[in-house]
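Enquirer: File follows, final_5.cif with mmCIF, C-alpha atoms:
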```
data_final
loop_
_atom_site.label_atom_id
_atom_site.label_comp_id
_atom_site.auth_asym_id
_atom_site.auth_seq_id
_atom_site.Cartn_x
_atom_site.Cartn_y
_atom_site.Cartn_z
CA MET A 121 -23.81 0.63 -14.84
CA GLU A 122 -25.69 0.75 -11.55
CA LEU A 123 -24.06 0.30 -8.15
CA ARG A 124 -26.76 -2.23 -7.33
CA VAL A 125 -25.59 -4.44 -10.20
CA LEU A 126 -21.99 -4.18 -9.03
CA HIS A 127 -23.15 -5.57 -5.68
CA TYR A 128 -24.84 -8.43 -7.55
CA PHE A 129 -21.69 -9.09 -9.56
CA LEU A 130 -19.49 -9.25 -6.45
CA ALA A 131 -21.98 -11.57 -4.75
CA VAL A 132 -21.68 -14.01 -7.66
CA THR A 133 -17.87 -13.85 -7.57
CA ARG A 134 -17.98 -14.53 -3.83
CA GLU A 135 -20.47 -17.40 -3.97
CA GLN A 136 -19.14 -18.76 -7.30
CA SER A 137 -22.67 -19.68 -8.33
CA ILE A 138 -25.81 -17.91 -9.52
CA SER A 139 -28.03 -19.89 -7.17
CA GLY A 140 -25.88 -19.20 -4.11
CA ALA A 141 -25.66 -15.49 -4.90
CA ALA A 142 -29.40 -15.25 -5.58
CA GLU A 143 -30.13 -16.81 -2.19
CA ALA A 144 -27.72 -14.45 -0.42
CA LEU A 145 -29.23 -11.43 -2.20
CA HIS A 146 -32.84 -12.59 -1.71
CA LEU A 147 -33.42 -12.49 -5.47
CA SER A 148 -34.84 -15.04 -7.83
CA GLN A 149 -32.26 -16.85 -9.91
CA PRO A 150 -33.77 -15.75 -13.27
CA THR A 151 -33.72 -12.10 -12.14
CA LEU A 152 -30.06 -12.27 -11.15
CA SER A 153 -29.10 -14.10 -14.33
CA ARG A 154 -30.83 -11.44 -16.42
CA GLN A 155 -29.01 -8.62 -14.56
CA LEU A 156 -25.65 -10.28 -15.21
CA ARG A 157 -26.41 -10.85 -18.90
CA ASP A 158 -27.42 -7.20 -19.23
CA MET A 159 -24.12 -6.16 -17.64
CA GLU A 160 -22.13 -8.30 -20.07
CA GLU A 161 -24.08 -6.84 -23.00
CA GLU A 162 -23.51 -3.29 -21.74
CA LEU A 163 -19.77 -3.86 -21.45
CA GLY A 164 -19.52 -5.94 -24.60
CA LYS A 165 -17.40 -8.51 -22.77
CA GLN A 166 -17.90 -11.95 -21.28
CA LEU A 167 -17.33 -11.73 -17.54
CA PHE A 168 -18.03 -15.30 -16.44
CA VAL A 169 -17.15 -18.82 -17.53
CA ARG A 170 -20.20 -20.85 -16.56
CA SER A 171 -20.06 -24.57 -15.75
CA ASN A 172 -22.21 -27.06 -13.89
CA ARG A 173 -19.99 -26.93 -10.81
CA LYS A 174 -19.11 -23.26 -10.35
CA ILE A 175 -18.68 -19.91 -12.04
CA THR A 176 -15.20 -18.53 -12.69
CA LEU A 177 -14.14 -15.12 -13.97
CA THR A 178 -12.66 -14.25 -17.33
CA GLU A 179 -9.74 -11.82 -17.47
CA GLU A 180 -12.21 -8.97 -17.97
CA GLY A 181 -14.27 -10.29 -15.07
CA MET A 182 -11.24 -10.22 -12.75
CA LEU A 183 -10.55 -6.61 -13.73
CA LEU A 184 -14.18 -5.66 -13.08
CA ARG A 185 -14.09 -7.37 -9.67
CA LYS A 186 -11.09 -5.25 -8.64
CA ARG A 187 -12.66 -2.04 -9.89
CA ALA A 188 -16.07 -2.87 -8.40
CA GLU A 189 -14.53 -3.40 -4.97
CA GLU A 190 -12.73 -0.04 -5.23
CA ILE A 191 -15.85 1.78 -6.44
CA LEU A 192 -18.13 0.40 -3.73
CA ASP A 193 -15.52 1.08 -1.05
CA LEU A 194 -15.31 4.72 -2.18
CA VAL A 195 -19.09 5.02 -2.22
CA SER A 196 -19.31 3.64 1.31
CA ARG A 197 -16.60 5.98 2.57
CA THR A 198 -18.24 8.97 0.87
CA LYS A 199 -21.58 8.22 2.50
CA ASP A 200 -19.91 7.93 5.91
CA GLU A 201 -18.06 11.22 5.44
CA ILE A 202 -21.13 13.17 4.31
CA SER A 203 -23.27 11.84 7.14
CA LEU A 204 -20.87 12.97 9.86
CA SER A 205 -22.20 15.63 12.21
CA ASP A 206 -20.85 19.13 11.78
CA GLU A 207 -20.41 19.28 15.53
CA VAL A 208 -18.37 16.09 15.94
CA VAL A 209 -14.88 15.22 14.65
CA ASP A 210 -15.45 11.61 13.72
CA GLY A 211 -14.62 9.20 10.94
CA ASP A 212 -11.91 7.16 9.29
CA ILE A 213 -8.47 8.16 8.06
CA HIS A 214 -6.75 5.82 5.58
CA ILE A 215 -2.96 5.91 5.37
CA GLY A 216 -0.53 3.97 3.20
CA ALA A 217 3.05 3.62 4.37
CA GLY A 218 6.13 1.61 3.56
CA GLU A 219 8.05 -0.26 6.21
CA SER A 220 10.23 2.13 8.19
CA GLU A 221 11.01 3.14 11.74
CA GLY A 222 9.81 6.58 10.65
CA ILE A 223 6.23 5.36 10.94
CA ARG A 224 6.56 6.21 14.65
CA PHE A 225 6.08 9.87 13.76
CA LEU A 226 2.78 9.03 12.15
CA VAL A 227 1.68 6.89 15.07
CA LYS A 228 2.51 9.62 17.58
CA ALA A 229 0.47 12.14 15.60
CA ALA A 230 -2.44 9.69 15.35
CA LYS A 231 -2.35 8.99 19.09
CA ALA A 232 -2.23 12.71 19.88
CA LEU A 233 -5.27 13.34 17.67
CA GLN A 234 -7.24 10.48 19.23
CA GLU A 235 -6.60 11.90 22.69
CA GLU A 236 -8.54 14.99 21.55
CA TYR A 237 -11.02 13.20 19.28
CA PRO A 238 -11.38 9.56 20.38
CA GLN A 239 -13.97 8.79 17.69
CA VAL A 240 -11.42 9.19 14.89
CA ARG A 241 -10.26 5.81 13.55
CA PHE A 242 -7.02 5.17 11.68
CA HIS A 243 -6.49 2.47 9.06
CA ASN A 244 -2.91 1.82 8.03
CA VAL A 245 -2.04 -0.18 4.93
CA SER A 246 1.56 -1.42 4.68
CA SER A 247 2.51 -0.92 1.04
CA ASP A 248 5.48 0.02 -1.04
CA ARG A 249 5.85 3.33 -2.87
CA VAL A 250 4.27 2.08 -6.09
CA THR A 251 1.09 0.87 -4.39
CA VAL A 252 0.80 3.90 -2.10
CA LEU A 253 0.84 6.27 -5.09
CA GLU A 254 -1.64 4.12 -7.02
CA ASP A 255 -4.06 4.08 -4.08
CA LEU A 256 -3.66 7.83 -3.49
CA ASP A 257 -4.53 8.46 -7.14
CA LYS A 258 -7.62 6.23 -6.86
CA GLY A 259 -8.80 8.00 -3.72
CA LEU A 260 -8.46 4.86 -1.58
CA LEU A 261 -5.99 6.60 0.75
CA ASP A 262 -6.09 10.00 2.42
CA PHE A 263 -2.35 10.17 3.09
CA GLY A 264 0.79 8.34 2.11
CA ILE A 265 4.21 8.13 3.75
CA LEU A 266 6.99 8.22 1.16
CA PHE A 267 10.77 8.54 1.03
CA GLY A 268 12.74 10.36 -1.65
CA GLU A 269 11.59 12.84 -4.27
CA ILE A 270 7.92 13.81 -4.52
CA ASP A 271 6.11 14.85 -7.70
CA THR A 272 4.86 18.21 -6.45
CA SER A 273 2.85 18.75 -9.64
CA LYS A 274 0.45 16.01 -8.45
CA TYR A 275 0.88 15.91 -4.67
CA GLU A 276 1.15 18.16 -1.66
CA CYS A 277 3.70 17.05 0.90
CA LEU A 278 4.92 17.76 4.41
CA ARG A 279 8.55 17.14 5.29
CA VAL A 280 8.81 14.92 8.37
CA PRO A 281 11.75 15.17 10.82
CA TYR A 282 13.03 11.70 10.01
CA THR A 283 15.49 10.30 7.48
CA GLU A 284 16.55 6.84 6.37
CA ARG A 285 19.60 5.37 4.72
CA PHE A 286 19.95 2.17 2.78
CA GLY A 287 22.00 -0.74 4.02
CA VAL A 288 22.43 -4.46 3.41
CA LEU A 289 20.55 -7.28 5.12
CA MET A 290 22.63 -10.46 4.94
CA ARG A 291 23.22 -13.76 6.65
CA ARG A 292 25.19 -13.44 9.88
CA ASP A 293 27.59 -16.18 8.72
CA ASP A 294 28.43 -14.33 5.48
CA PRO A 295 32.06 -13.09 5.18
CA LEU A 296 30.79 -9.53 4.53
CA ALA A 297 29.15 -9.57 7.96
CA GLN A 298 32.63 -9.05 9.44
CA LYS A 299 32.71 -5.52 8.02
CA GLU A 300 31.18 -2.51 9.78
CA THR A 301 29.99 -0.93 6.52
CA ILE A 302 29.48 -2.25 2.99
CA THR A 303 30.68 -0.55 -0.20
CA PRO A 304 29.18 -0.99 -3.66
CA GLU A 305 32.39 -2.75 -4.64
CA ASP A 306 31.82 -5.34 -1.90
CA LEU A 307 28.58 -6.27 -3.64
CA ALA A 308 30.06 -6.58 -7.12
CA ASP A 309 28.79 -9.79 -8.74
CA LYS A 310 26.67 -10.50 -5.66
CA PRO A 311 22.97 -11.34 -6.14
CA LEU A 312 20.88 -8.39 -4.95
CA ILE A 313 17.36 -8.51 -3.54
CA VAL A 314 15.71 -5.10 -3.80
CA SER A 315 12.39 -3.41 -3.29
CA ARG A 316 10.60 -3.10 -6.62
CA GLN A 317 11.20 0.65 -6.87
CA PRO A 318 14.50 1.95 -5.39
CA LEU A 319 16.73 1.13 -8.36
CA GLY A 320 14.52 3.30 -10.55
CA ASP A 321 14.31 6.15 -8.07
CA GLY A 322 18.00 6.97 -8.00
CA PHE A 323 18.43 6.08 -4.32
CA LEU A 324 21.32 3.67 -4.78
CA PRO A 325 24.93 4.28 -5.87
CA HIS A 326 25.40 4.09 -9.62
CA PRO A 327 27.35 0.78 -9.60
CA LEU A 328 24.41 -0.97 -7.92
CA GLU A 329 21.87 0.49 -10.35
CA GLU A 330 23.59 -1.37 -13.19
CA GLN A 331 23.94 -4.64 -11.31
CA GLN A 332 21.75 -7.63 -12.06
CA VAL A 333 18.92 -8.12 -9.57
CA ALA A 334 18.26 -11.66 -8.37
CA ALA A 335 14.85 -10.93 -6.84
CA THR A 336 12.52 -8.13 -5.73
CA TYR A 337 10.22 -7.79 -2.75
CA ASN A 338 7.14 -5.73 -1.96
CA LEU A 339 7.43 -5.80 1.84
CA LEU A 340 10.72 -6.71 3.46
CA PHE A 341 9.58 -9.70 5.52
CA ASN A 342 9.44 -11.82 2.37
CA GLY A 343 12.76 -10.35 1.28
CA SER A 344 14.32 -11.39 4.59
CA ILE A 345 13.22 -14.99 3.98
CA MET A 346 15.01 -14.87 0.62
CA VAL A 347 18.15 -13.65 2.38
CA GLU A 348 17.89 -16.30 5.07
CA GLU A 349 17.59 -19.01 2.42
CA GLY A 350 20.73 -17.75 0.66
CA MET A 351 19.20 -16.12 -2.43
CA GLY A 352 21.20 -12.93 -2.01
CA TYR A 353 21.70 -9.62 -0.20
CA ALA A 354 18.69 -7.38 0.46
CA ILE A 355 19.10 -3.63 -0.02
CA CYS A 356 16.76 -2.06 2.53
CA PHE A 357 16.27 0.26 5.48
CA ASP A 358 17.39 -0.67 8.99
CA HIS A 359 15.11 -1.44 11.99
CA ILE A 360 12.47 -3.26 9.92
CA ILE A 361 13.55 -6.87 10.44
CA ASN A 362 14.37 -8.03 13.96
CA ILE A 363 18.02 -9.11 13.85
CA SER A 364 18.58 -9.42 17.61
CA GLY A 365 19.12 -12.57 19.63
CA ASP A 366 19.39 -15.78 17.64
CA SER A 367 18.46 -14.23 14.31
CA PRO A 368 20.57 -15.66 11.47
CA LEU A 369 20.55 -12.23 9.81
CA CYS A 370 22.43 -8.98 10.33
CA PHE A 371 22.34 -5.47 8.87
CA ARG A 372 25.29 -3.35 7.73
CA PRO A 373 25.08 0.29 6.51
CA LEU A 374 25.80 0.96 2.85
CA GLU A 375 28.60 3.48 2.32
CA GLY A 376 28.15 6.54 0.15
CA GLN A 377 24.47 6.92 0.80
CA PRO A 378 22.83 10.29 1.42
CA ASP A 379 20.07 10.60 3.97
CA ILE A 380 16.68 10.06 2.35
CA GLU A 381 13.95 12.45 3.45
CA MET A 382 10.53 11.29 4.59
CA HIS A 383 7.29 13.04 3.58
CA VAL A 384 3.61 12.82 4.31
CA VAL A 385 1.89 13.09 0.92
CA TRP A 386 -1.67 13.76 -0.24
CA LYS A 387 -3.30 14.61 -3.57
CA LYS A 388 -3.39 18.21 -4.71
CA TYR A 389 -6.75 19.91 -4.18
CA GLN A 390 -7.86 17.09 -1.88
CA LEU A 391 -11.03 17.81 0.06
CA PHE A 392 -10.50 16.32 3.51
CA THR A 393 -13.14 15.29 5.99
CA LYS A 394 -13.06 17.17 9.27
CA ALA A 395 -11.07 14.29 10.78
CA GLY A 396 -8.59 14.35 7.90
CA GLN A 397 -8.14 18.11 8.21
CA LYS A 398 -7.54 17.84 11.96
CA PHE A 399 -4.97 15.11 11.37
CA LEU A 400 -3.12 17.27 8.84
CA GLU A 401 -3.09 20.12 11.34
CA LYS A 402 -1.65 17.78 13.97
CA LEU A 403 1.05 16.58 11.55
CA ARG A 404 2.05 20.16 10.77
CA GLU A 405 2.13 20.99 14.46
CA MET A 406 4.46 18.07 15.24
CA ALA A 407 6.69 18.30 12.13
#
```
Render the structure in this file as structure tokens.
Expert:
Amino acid sequence: MELRVLHYFLAVTREQSISGAAEALHLSQPTLSRQLRDMEEELGKQLFVRSNRKITLTEEGMLLRKRAEEILDLVSRTKDEISLSDEVVDGDIHIGAGESEGIRFLVKAAKALQEEYPQVRFHNVSSDRVTVLEDLDKGLLDFGILFGEIDTSKYECLRVPYTERFGVLMRRDDPLAQKETITPEDLADKPLIVSRQPLGDGFLPHPLEEQQVAATYNLLFNGSIMVEEGMGYAICFDHIINISGDSPLCFRPLEGQPDIEMHVVWKKYQLFTKAGQKFLEKLREMA
């Protein structure tokens, strides 16, 4: 499958019509139609549902769209990295990180590097642990920021001088808000709202791991809306949601929790660009 045809395929998914995509690509409609039919024959799958009004994707077509976007993004990044001058530290660094006050360490290191090499650009993607690891494995990220245990058979990591501890985000008018700290027993039979990975990572006390979960969140802002609307109690890190002033929410630490270490993570045997290598050196210097 040629990269050129992947571009054609994405153009059709964007325009939702053969004619619109052909015009955007400066191709004849029969030529584009033939290229798409050849792609479907090569894959042995129908990718489009064609109608008089617009083209929609089959399940296989939606999967190909996701993979095509990833492939073409990697190709573009690779070209940029190879074309960089040997004399200049330039380029893009892609980082995935969960929501945490600990991101300040990363930002300080990025700012320090840009003071030396102003042509280095940073791209931060706010993601949870699951997505960060997936994108690291796919090569879409250079670095990830993770809490808890790291699979050192797959990843290199750098311990960062920052720790977190779980607590409970709840409504300010909740009776438990009168307590300074919350115990697992306080949450017995309470509906919990958790990130989609901590219960499986062994972060939480055993009683909470066996408790029924009312809802999960990817990033905490949506979880805080669930709390505000009375769906339950969010288990999360502090300093992510603004609970000052007139906020209807408050945060209380969760008793019995060990400090959770923070790491910068990258794939084993990763070949960094010059900018990526300089950033890693800066992280090690500041850690």
Enquirer: Quick one: residues within 8 Å of stretch 391-404 of chain A, only C-alpha atoms counted, chain neighbours fewer than 4 positions away excluded, as a ChimeraX atom specification?
Expert: /A:201,209-213,226,229-230,232-233,240,262,278
Enquirer: Which residues come within 7 Å of stretch 291-294 of chain A, counting only C-alpha atoms, excluding same-chain residues fewer than 2 positions away, as a PyMOL selection string?
Expert: chain A and resi 296-297+347-348+368-370
Enquirer: To one decimal place, how far is atom CA of A:Leu123 from atom CA of A:Val195 in Å?
Expert: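 Computing the Euclidean distance for atom CA of A:Leu123 and atom CA of A:Val195 yields 9.1 Å.
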Enquirer: Would you write out, as a ChimeraX atom specification, every residue that the PyMOL selection byres ((chain A and resi 377) around 10) captures in this file?
Expert: /A:284-287,303,323-325,373-376,378-380
Enquirer: Please write the residues from the selection above to a file, keeping C-alpha atoms, as an mmCIF file, in the frame of the given file.
Expert:
```cif
data_model
loop_
_atom_site.group_PDB
_atom_site.id
_atom_site.type_symbol
_atom_site.label_atom_id
_atom_site.label_comp_id
_atom_site.auth_asym_id
_atom_site.auth_seq_id
_atom_site.Cartn_x
_atom_site.Cartn_y
_atom_site.Cartn_z
ATOM 1 C CA GLU A 284 16.550 6.840 6.370
ATOM 2 C CA ARG A 285 19.600 5.370 4.720
ATOM 3 C CA PHE A 286 19.950 2.170 2.780
ATOM 4 C CA GLY A 287 22.000 -0.740 4.020
ATOM 5 C CA THR A 303 30.680 -0.550 -0.200
ATOM 6 C CA PHE A 323 18.430 6.080 -4.320
ATOM 7 C CA LEU A 324 21.320 3.670 -4.780
ATOM 8 C CA PRO A 325 24.930 4.280 -5.870
ATOM 9 C CA PRO A 373 25.080 0.290 6.510
ATOM 10 C CA LEU A 374 25.800 0.960 2.850
ATOM 11 C CA GLU A 375 28.600 3.480 2.320
ATOM 12 C CA GLY A 376 28.150 6.540 0.150
ATOM 13 C CA PRO A 378 22.830 10.290 1.420
ATOM 14 C CA ASP A 379 20.070 10.600 3.970
ATOM 15 C CA ILE A 380 16.680 10.060 2.350
#
```
Enquirer: May I ask which of the residues A:His214, A:Arg224, A:Glu189, A:Ile270 is the closest one to A:Asn244, counting all atoms listed in the file?
Expert: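 Closest candidate: A:His214.
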Enquirer: Care to translate the PyMOL selection byres ((chain A and resi 260) around 10) into actual residues of this file, as a list in words?
Expert: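 Applied to this file, the PyMOL selection byres ((chain A and resi 260) around 10) returns Glu190, Ile191, Asp193, Leu194, Arg197, His214, Ile215, Gly216, Val252, Glu254, Asp255, Leu256, Asp257, Lys258, Gly259, Leu261, Asp262 and Phe263 of chain A.
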Enquirer: Between atom CA of A:Gln149 and atom CA of A:Leu184, what distance in Å does the model show, to one decimal?
Expert: 21.5 Å
Enquirer: Take the PyMOL selection byres ((chain A and resi 144) around 12), run it mentally on this structure, and tell me the resulting residues as a ChimeraX atom specification.
Expert: /A:127-128,130-132,134-143,145-149,152
Enquirer: Closest to A:Asp309 among A:Tyr275, A:Tyr282, A:Tyr337, A:Tyr353, using only C-alpha atoms?
Expert: A:Tyr353
Enquirer: What separation in Å, quoted to one decimal, exists between atom CA of A:Val280 and atom CA of A:Val384?
Expert: 6.9 Å
Enquirer: Go through A:Thr336, A:Thr133, A:Thr283, A:Ser273 and flag the residue nearest A:Lys174, using only C-alpha atoms for the distances.
Expert: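 Closest residue, counting only C-alpha atoms: A:Thr133.
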Enquirer: From the list A:Leu340, A:Pro304, A:Asn172, A:Ile265, which residue is nearest A:Val227 when using all atoms listed in the file?
Expert: A:Ile265
Enquirer: Got a sec to check which residues sit within 10 Å of (-19.5, -15.1, -19.2), counting only C-alpha atoms, and write them as an NGL selection string?
Expert: :A and (156-157 or 160 or 165-170 or 175-178 or 180-181)
Enquirer: May I ask which of the residues A:Ile355, A:Ala335, A:Ile313, A:Ile360 is the closest one to A:Gly222, counting all atoms listed in the file?
Expert: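 Among the listed residues, A:Ile360 lies closest to A:Gly222.
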